[in-house]
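Here's structure-v8.txt, which has compact mmCIF, C-alpha atoms and all ligand atoms:
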# COMPACT_ATOMS: atom_id res chain seq x y z
CA MET A 1 196.57 -154.33 -54.94
CA SER A 2 194.82 -155.94 -57.86
CA HIS A 3 196.93 -156.74 -60.90
CA HIS A 4 194.83 -154.25 -62.87
CA HIS A 5 196.65 -151.47 -61.06
CA VAL A 6 200.07 -152.67 -62.09
CA PRO A 7 201.17 -150.93 -65.28
CA LEU A 8 201.65 -153.12 -68.33
CA ILE A 9 204.85 -151.22 -69.04
CA SER A 10 206.67 -148.81 -66.79
CA ALA A 11 209.85 -147.02 -67.66
CA GLN A 12 212.22 -144.85 -65.69
CA GLY A 13 215.04 -142.71 -66.94
CA LEU A 14 215.25 -144.09 -70.47
CA VAL A 15 218.28 -142.70 -72.27
CA LYS A 16 219.09 -143.30 -75.90
CA SER A 17 221.45 -141.49 -78.20
CA TYR A 18 222.57 -142.08 -81.74
CA ARG A 19 226.22 -141.59 -82.58
CA ARG A 20 227.59 -141.05 -86.02
CA ASP A 21 231.25 -140.02 -86.23
CA ALA A 22 231.63 -136.87 -84.12
CA GLU A 23 227.91 -136.20 -83.98
CA THR A 24 225.71 -137.39 -81.12
CA VAL A 25 221.93 -137.06 -81.17
CA HIS A 26 220.24 -137.33 -77.78
CA ALA A 27 216.94 -138.90 -78.79
CA LEU A 28 215.74 -139.80 -75.26
CA ARG A 29 217.10 -137.84 -72.29
CA GLY A 30 215.63 -139.63 -69.31
CA VAL A 31 212.06 -140.60 -70.12
CA ASP A 32 209.65 -141.82 -67.42
CA LEU A 33 206.47 -143.48 -68.58
CA SER A 34 203.73 -145.71 -67.30
CA ILE A 35 201.28 -147.52 -69.57
CA GLY A 36 198.29 -148.98 -67.77
CA ARG A 37 195.47 -151.29 -68.83
CA GLY A 38 192.59 -149.45 -70.47
CA GLN A 39 194.65 -146.41 -71.37
CA VAL A 40 194.78 -144.66 -74.71
CA ILE A 41 197.80 -142.39 -74.54
CA ALA A 42 198.43 -139.80 -77.22
CA LEU A 43 202.12 -139.02 -77.67
CA ILE A 44 202.52 -135.65 -79.31
CA GLY A 45 205.55 -133.51 -80.06
CA PRO A 46 207.42 -131.98 -82.95
CA SER A 47 209.14 -134.04 -85.60
CA GLY A 48 212.52 -135.19 -84.31
CA SER A 49 211.51 -134.98 -80.63
CA GLY A 50 212.01 -138.73 -80.03
CA LYS A 51 208.53 -140.25 -80.39
CA SER A 52 209.53 -143.03 -82.79
CA THR A 53 212.65 -143.79 -80.76
CA LEU A 54 210.52 -144.25 -77.65
CA LEU A 55 208.10 -146.63 -79.39
CA ASN A 56 210.97 -148.58 -80.93
CA VAL A 57 212.62 -148.95 -77.51
CA LEU A 58 209.37 -150.11 -75.87
CA CYS A 59 208.84 -152.84 -78.46
CA GLY A 60 212.43 -154.05 -78.32
CA TRP A 61 213.58 -152.85 -81.73
CA GLU A 62 216.15 -150.58 -80.14
CA HIS A 63 218.12 -150.77 -76.90
CA VAL A 64 218.53 -148.02 -74.31
CA GLU A 65 221.89 -147.07 -72.81
CA ALA A 66 220.41 -146.30 -69.42
CA GLY A 67 217.13 -146.57 -67.61
CA GLU A 68 214.81 -149.26 -66.40
CA LEU A 69 211.93 -150.93 -68.19
CA VAL A 70 209.54 -153.10 -66.20
CA LEU A 71 207.07 -155.29 -68.09
CA ASP A 72 203.98 -156.85 -66.53
CA GLY A 73 204.17 -160.64 -66.32
CA ALA A 74 201.16 -160.87 -68.64
CA LEU A 75 203.41 -159.66 -71.47
CA GLY A 76 205.38 -162.92 -71.25
CA ALA A 77 208.91 -161.51 -70.96
CA SER A 78 210.95 -159.34 -68.63
CA LYS A 79 212.82 -157.56 -71.45
CA PRO A 80 211.30 -156.00 -74.59
CA GLU A 81 213.69 -157.89 -76.88
CA ASP A 82 212.32 -161.20 -75.51
CA LEU A 83 208.65 -160.37 -76.00
CA PRO A 84 206.68 -163.20 -77.60
CA TRP A 85 204.70 -162.43 -80.77
CA GLY A 86 201.30 -160.97 -80.19
CA ARG A 87 201.47 -159.38 -76.73
CA VAL A 88 202.96 -156.06 -77.80
CA ALA A 89 202.30 -154.89 -81.35
CA LEU A 90 203.88 -152.06 -83.29
CA VAL A 91 202.52 -150.04 -86.17
CA PRO A 92 205.83 -148.73 -87.50
CA GLN A 93 205.99 -145.24 -88.96
CA ALA A 94 207.40 -146.77 -92.17
CA LEU A 95 204.74 -149.55 -92.03
CA ALA A 96 207.18 -152.43 -92.79
CA LEU A 97 204.78 -154.44 -94.94
CA LEU A 98 206.35 -157.32 -96.86
CA GLU A 99 206.06 -156.56 -100.57
CA GLU A 100 206.28 -160.19 -101.62
CA LEU A 101 203.14 -160.99 -99.61
CA THR A 102 199.52 -160.13 -100.34
CA ILE A 103 197.55 -157.73 -98.16
CA LEU A 104 195.83 -160.72 -96.51
CA ASP A 105 199.13 -162.49 -95.81
CA ASN A 106 200.59 -159.30 -94.36
CA VAL A 107 197.63 -159.01 -91.98
CA LEU A 108 198.01 -162.70 -91.06
CA MET A 109 201.77 -162.48 -90.47
CA PRO A 110 201.57 -162.31 -86.64
CA ALA A 111 199.39 -165.45 -86.64
CA ARG A 112 201.87 -167.21 -88.92
CA LEU A 113 204.75 -166.33 -86.59
CA SER A 114 202.87 -167.43 -83.51
CA GLY A 115 201.90 -170.74 -85.03
CA GLY A 116 198.30 -170.65 -86.25
CA VAL A 117 196.85 -168.91 -89.30
CA LYS A 118 193.61 -170.91 -89.61
CA PRO A 119 192.01 -169.82 -86.32
CA MET A 120 192.70 -166.18 -87.13
CA MET A 121 191.16 -166.09 -90.63
CA GLY A 122 187.79 -164.86 -89.33
CA ARG A 123 189.36 -162.13 -87.25
CA ALA A 124 191.50 -161.05 -90.24
CA ASP A 125 188.36 -160.83 -92.40
CA GLU A 126 186.59 -158.73 -89.77
CA LEU A 127 189.46 -156.28 -89.39
CA MET A 128 189.94 -155.99 -93.14
CA SER A 129 186.25 -155.20 -93.72
CA GLU A 130 186.27 -152.70 -90.87
CA PHE A 131 189.32 -150.97 -92.40
CA GLY A 132 188.03 -151.14 -95.99
CA ILE A 133 190.79 -153.36 -97.32
CA ASP A 134 188.88 -156.65 -97.64
CA HIS A 135 188.50 -156.23 -101.42
CA LEU A 136 192.30 -155.85 -101.66
CA ALA A 137 193.11 -159.15 -99.95
CA ALA A 138 194.80 -160.75 -102.96
CA ARG A 139 196.82 -157.71 -104.05
CA TYR A 140 200.45 -157.18 -103.18
CA SER A 141 201.24 -154.35 -100.83
CA ASP A 142 202.79 -152.17 -103.54
CA GLN A 143 199.56 -152.45 -105.57
CA VAL A 144 197.44 -150.50 -103.08
CA SER A 145 197.47 -146.89 -101.91
CA LEU A 146 199.64 -145.67 -99.06
CA GLY A 147 196.54 -145.15 -96.92
CA GLU A 148 195.45 -148.73 -97.61
CA GLN A 149 198.95 -149.96 -96.79
CA GLN A 150 198.78 -148.12 -93.48
CA ARG A 151 195.39 -149.64 -92.63
CA THR A 152 196.91 -153.04 -93.46
CA ALA A 153 199.69 -152.34 -90.94
CA VAL A 154 197.11 -151.41 -88.29
CA ALA A 155 195.05 -154.55 -89.01
CA ARG A 156 198.24 -156.63 -88.69
CA ALA A 157 198.96 -155.00 -85.31
CA LEU A 158 195.44 -155.65 -83.99
CA LEU A 159 195.12 -159.22 -85.32
CA LEU A 160 196.15 -161.01 -82.12
CA ALA A 161 194.38 -158.50 -79.82
CA PRO A 162 197.66 -157.43 -78.20
CA LEU A 163 197.88 -156.16 -74.63
CA VAL A 164 199.87 -153.16 -75.80
CA VAL A 165 199.69 -151.40 -79.16
CA LEU A 166 202.42 -148.94 -80.03
CA ALA A 167 201.23 -146.99 -83.06
CA ASP A 168 203.56 -144.56 -84.78
CA GLU A 169 201.54 -141.84 -86.55
CA PRO A 170 198.96 -144.45 -87.64
CA SER A 171 196.69 -141.88 -89.29
CA ALA A 172 199.44 -140.03 -91.14
CA HIS A 173 198.07 -141.20 -94.51
CA GLN A 174 194.34 -141.28 -93.62
CA ASP A 175 191.47 -138.94 -94.30
CA ALA A 176 189.20 -137.87 -91.43
CA GLY A 177 186.78 -140.78 -91.91
CA TRP A 178 189.43 -143.51 -91.80
CA SER A 179 191.25 -141.78 -88.93
CA ASP A 180 188.03 -142.06 -86.91
CA VAL A 181 187.74 -145.75 -87.78
CA LEU A 182 191.33 -146.48 -86.72
CA PHE A 183 191.09 -144.54 -83.45
CA ALA A 184 187.76 -146.21 -82.67
CA ALA A 185 189.48 -149.59 -83.08
CA PHE A 186 192.29 -148.55 -80.70
CA SER A 187 189.75 -147.26 -78.16
CA ARG A 188 187.75 -150.48 -78.33
CA LEU A 189 190.85 -152.57 -77.69
CA ALA A 190 191.74 -150.39 -74.70
CA ALA A 191 188.19 -150.74 -73.37
CA GLN A 192 188.83 -154.50 -73.27
CA GLY A 193 191.82 -153.97 -70.95
CA SER A 194 194.69 -153.42 -73.35
CA ALA A 195 196.63 -150.17 -73.75
CA CYS A 196 197.50 -148.03 -76.75
CA LEU A 197 200.34 -145.55 -77.04
CA ILE A 198 199.78 -143.51 -80.17
CA ALA A 199 202.29 -141.05 -81.55
CA THR A 200 200.23 -138.59 -83.54
CA HIS A 201 199.63 -135.08 -84.74
CA ASN A 202 195.96 -135.84 -85.27
CA PRO A 203 193.63 -133.96 -82.87
CA VAL A 204 191.04 -136.75 -83.23
CA VAL A 205 193.10 -139.02 -80.98
CA TRP A 206 193.36 -136.32 -78.32
CA GLU A 207 189.58 -136.57 -78.06
CA CYS A 208 189.59 -140.28 -77.30
CA ALA A 209 192.84 -140.35 -75.30
CA ASN A 210 192.82 -140.60 -71.49
CA THR A 211 196.24 -139.03 -71.40
CA VAL A 212 198.25 -136.78 -73.63
CA LEU A 213 202.03 -136.84 -73.26
CA ALA A 214 204.05 -134.15 -74.94
CA MET A 215 207.57 -134.96 -76.05
CA ARG A 216 210.11 -132.23 -76.66
CA ASP A 217 213.75 -132.71 -77.47
CA GLY A 218 213.93 -136.19 -75.91
CA GLU A 219 211.98 -135.35 -72.77
CA LEU A 220 208.39 -136.12 -71.83
CA GLY A 221 206.29 -133.30 -70.44
CA SER A 222 203.65 -133.51 -67.75
CA LYS A 223 200.54 -135.60 -68.14
CA THR A 224 197.34 -133.87 -69.04
CA CYS A 225 193.87 -135.22 -69.58
CA GLY A 226 193.07 -135.16 -73.31
CA ARG A 227 189.61 -133.67 -72.99
CA ARG A 228 190.77 -130.89 -70.71
CA MET A 229 193.64 -129.72 -72.86
CA GLY A 230 191.55 -127.40 -74.99
CA ILE A 231 193.70 -127.95 -78.07
N1 LIG B 1 219.09 -144.27 -86.68
C1 LIG B 1 219.32 -143.00 -86.35
N2 LIG B 1 220.59 -142.49 -86.41
C2 LIG B 1 220.84 -141.21 -86.05
N3 LIG B 1 219.91 -140.36 -85.59
C3 LIG B 1 218.65 -140.82 -85.49
C4 LIG B 1 218.28 -142.15 -85.86
N4 LIG B 1 216.96 -142.30 -85.65
C5 LIG B 1 216.49 -141.13 -85.18
N5 LIG B 1 217.52 -140.23 -85.08
C6 LIG B 1 217.43 -138.86 -84.56
O1 LIG B 1 216.89 -138.93 -83.23
C7 LIG B 1 216.00 -137.84 -83.01
C8 LIG B 1 214.63 -138.40 -82.64
O2 LIG B 1 214.08 -139.02 -83.81
P1 LIG B 1 212.66 -139.73 -83.81
O3 LIG B 1 212.57 -140.62 -82.62
O4 LIG B 1 212.48 -140.37 -85.14
O5 LIG B 1 211.67 -138.48 -83.63
P2 LIG B 1 210.12 -138.31 -83.99
O6 LIG B 1 209.54 -139.68 -84.16
O7 LIG B 1 209.54 -137.57 -82.83
O8 LIG B 1 210.07 -137.52 -85.25
C9 LIG B 1 216.02 -137.00 -84.28
O9 LIG B 1 216.96 -135.97 -84.11
C10 LIG B 1 216.48 -137.99 -85.33
O10 LIG B 1 217.12 -137.33 -86.40
MG MG B 2 208.54 -140.48 -85.78

Could you write out this file's structure as structure tokens?
Amino acid sequence: MSHHHVPLISAQGLVKSYRRDAETVHALRGVDLSIGRGQVIALIGPSGSGKSTLLNVLCGWEHVEAGELVLDGALGASKPEDLPWGRVALVPQALALLEELTILDNVLMPARLSGGVKPMMGRADELMSEFGIDHLAARYSDQVSLGEQQRTAVARALLLAPLVVLADEPSAHQDAGWSDVLFAAFSRLAAQGSACLIATHNPVVWECANTVLAMRDGELGSKTCGRRMGI
């Protein structure tokens, strides 16, 4: 079997709950998932169904209580919390830009953390022009619109051409035109052999997705081809 058939990430039986005093929230109730090279996966489901929790677990921000996560060797670690910078990138729902940095320095942050800003300047420029934030390079993140902040977070995620992009409602603050631009960028990356898992309510992504996964109350529903869903 060629390595292209091995999933970049596969997960079985992921369980995660949040406890606060007497209350327990079951955010993931046994999630199975496989993310393969070239895939654009749309993750849909109502607010509170566990989409963000799943993305945060896959990138190592949160730990599961049960279940197994297997990462392809190309990702450079066997556990999400050990992932090196640049192989798996997250666009967090809350963006997590650094306010004391300019838009350009936010986009360049992954390069700074992985040891080389200079070689990535050209790529940063390209992404920023594509996403219409190049003229904002010298501004601080709180001096641009929320939509522009979100496109900055997507540019930051794509800077090092990661093997896996986990994007949490990346078009939540975009109009139709910019949503198209962002989803086209995700599709292009997947066409080069990476994979994108995109939590979204935006029907545009269902058009370009190979797979749509529906989350409900901590469980993932059956896989359906995006174009055949008729939604
Ligand atoms: N840090 C937390 N502490 C307690 N409950 C949480 C926390 N984060 C998320 N939850 C709860 O877990 C469930 C899943 O949340 P989330 O993964 O954010 O859903 P979605 O992204 O689909 O809206 C929700 O009931 C939410 O309130
Ligand atoms: Mg969410």

List as a Markdown table every residue of chain A that is in contact with ligand MG 2 (chain B), defined as an atom at most 9 Å from one of its atoms (using only C-alpha atoms and all ligand atoms), together with the nearest atom pair and the distance in Å rounded to one decimal, sorted by chain and then rising number.
| residue | atom | partner | partner_atom | distance |
| --- | --- | --- | --- | --- |
| A:Ser47 | CA | B:MG2 | MG | 6.5 |
| A:Gly48 | CA | B:MG2 | MG | 6.8 |
| A:Ser49 | CA | B:MG2 | MG | 8.1 |
| A:Gly50 | CA | B:MG2 | MG | 6.9 |
| A:Lys51 | CA | B:MG2 | MG | 5.4 |
| A:Ser52 | CA | B:MG2 | MG | 4.1 |
| A:Thr53 | CA | B:MG2 | MG | 7.3 |
| A:Leu55 | CA | B:MG2 | MG | 8.9 |
| A:Pro92 | CA | B:MG2 | MG | 8.9 |
| A:Gln93 | CA | B:MG2 | MG | 6.3 |
| A:Asp168 | CA | B:MG2 | MG | 6.5 |
| A:Glu169 | CA | B:MG2 | MG | 7.2 |
| A:Ala199 | CA | B:MG2 | MG | 7.6 |
| A:Thr200 | CA | B:MG2 | MG | 8.8 |

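Interatomic distance, atom CA of Arg123 of chain A against atom CA of Leu43 of chain A: 28.1 Å.
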
Next item on the list: Would you kindly return, as a PyMOL selection string, each protein, DNA or RNA residue with an atom no farther than 10 Å from any atom of Phe183 of chain A, considering all atoms listed in the file and excluding same-chain residues fewer than 5 positions away?
Entry: chain A and resi 40+170-171+178+188-189+196+198+204-209

Checklist line | Nearest to ligand LIG 1 (chain B), chosen from A:Ala94, A:Val154, A:Ala89, A:Ile35, with all atoms listed in the file counted in the distances | finding: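 Selected residue with least distance to ligand LIG 1 (chain B): A:Ala94.
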
Next item on the list: Would you mind telling me which residue in A:Gly76, A:Gly193, A:Gly30, A:Gly60 lies nearest to Val15 of chain A when using all atoms listed in the file?
Entry: A:Gly30

Note to self: Give me, as a list in words, all polymer residues having an atom no more than 10 Å from Pro110 of chain A, counting only C-alpha atoms and skipping those fewer than 6 positions away in the same chain.
What the structure shows: Trp85, Gly86, Ala89, Gly116, Val117, Met120, Arg156, Ala157, Leu158, Leu159 and Leu160 of chain A

Check: atom CA of Ser10 of chain A and atom CA of Val107 of chain A are how many Å apart?
Finding: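 Separation of atom CA of Ser10 of chain A and atom CA of Val107 of chain A: 28.6 Å.
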
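One finds atom CA of Gly73 of chain A at 18.3 Å from atom CA of Val57 of chain A.
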
Checklist line | Counting only C-alpha atoms, the option among A:His173, A:Leu182, A:Val88, A:Leu97 closest to Phe131 of chain A | finding: A:Leu182

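Those residues that approach Ala77 of chain A to within 12 Å, counting all atoms listed in the file, are A:Leu8, A:Ile9, A:Cys59, A:Gly60, A:Leu69, A:Val70, A:Leu71, A:Asp72, A:Asp82, A:Leu83, A:Pro84, A:Trp85, A:Gly86, A:Arg87, A:Val88; same-chain residues fewer than 5 positions away are not listed.
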
Write the residues of the selection above to a file with C-alpha atoms, as a compact mmCIF listing (two decimals), in the coordinates of the input.
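New file out-v6.txt:
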# COMPACT_ATOMS: atom_id res chain seq x y z
CA LEU A 8 201.65 -153.12 -68.33
CA ILE A 9 204.85 -151.22 -69.04
CA CYS A 59 208.84 -152.84 -78.46
CA GLY A 60 212.43 -154.05 -78.32
CA LEU A 69 211.93 -150.93 -68.19
CA VAL A 70 209.54 -153.10 -66.20
CA LEU A 71 207.07 -155.29 -68.09
CA ASP A 72 203.98 -156.85 -66.53
CA ASP A 82 212.32 -161.20 -75.51
CA LEU A 83 208.65 -160.37 -76.00
CA PRO A 84 206.68 -163.20 -77.60
CA TRP A 85 204.70 -162.43 -80.77
CA GLY A 86 201.30 -160.97 -80.19
CA ARG A 87 201.47 -159.38 -76.73
CA VAL A 88 202.96 -156.06 -77.80

Notebook entry, point to check: Which residues come within 10 Å of Asp125 of chain A, counting only C-alpha atoms, excluding same-chain residues fewer than 3 positions away, as a PyMOL selection string?
Noted result: chain A and resi 104+107-108+120-122+128-131+133-134+137+155+159

Next item on the list: Would you please work out which residue, of A:Asn56, A:Ser114, A:Gln12, A:Gln143, is nearest to ligand LIG 1 (chain B) when using only C-alpha atoms and all ligand atoms?
Entry: A:Asn56

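Closest to Ser179 of chain A among A:Val212, A:Gly147, A:Leu101, A:Leu113 is A:Gly147, based on only C-alpha atoms.
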
Margin query: Counting all atoms listed in the file, which residues have an atom no more than 10 Å from (192.1, -153.2, -73.9) in the file's coordinates? Please list them as a VMD selection string.
Written below: chain A and resid 36 to 40 161 to 165 186 to 196

Please produce a file of the residues just selected, as a compact mmCIF listing (two decimals), in the coordinates of the input, where the atoms kept are C-alpha atoms.
# COMPACT_ATOMS: atom_id res chain seq x y z
CA GLY A 36 198.29 -148.98 -67.77
CA ARG A 37 195.47 -151.29 -68.83
CA GLY A 38 192.59 -149.45 -70.47
CA GLN A 39 194.65 -146.41 -71.37
CA VAL A 40 194.78 -144.66 -74.71
CA ALA A 161 194.38 -158.50 -79.82
CA PRO A 162 197.66 -157.43 -78.20
CA LEU A 163 197.88 -156.16 -74.63
CA VAL A 164 199.87 -153.16 -75.80
CA VAL A 165 199.69 -151.40 -79.16
CA PHE A 186 192.29 -148.55 -80.70
CA SER A 187 189.75 -147.26 -78.16
CA ARG A 188 187.75 -150.48 -78.33
CA LEU A 189 190.85 -152.57 -77.69
CA ALA A 190 191.74 -150.39 -74.70
CA ALA A 191 188.19 -150.74 -73.37
CA GLN A 192 188.83 -154.50 -73.27
CA GLY A 193 191.82 -153.97 -70.95
CA SER A 194 194.69 -153.42 -73.35
CA ALA A 195 196.63 -150.17 -73.75
CA CYS A 196 197.50 -148.03 -76.75
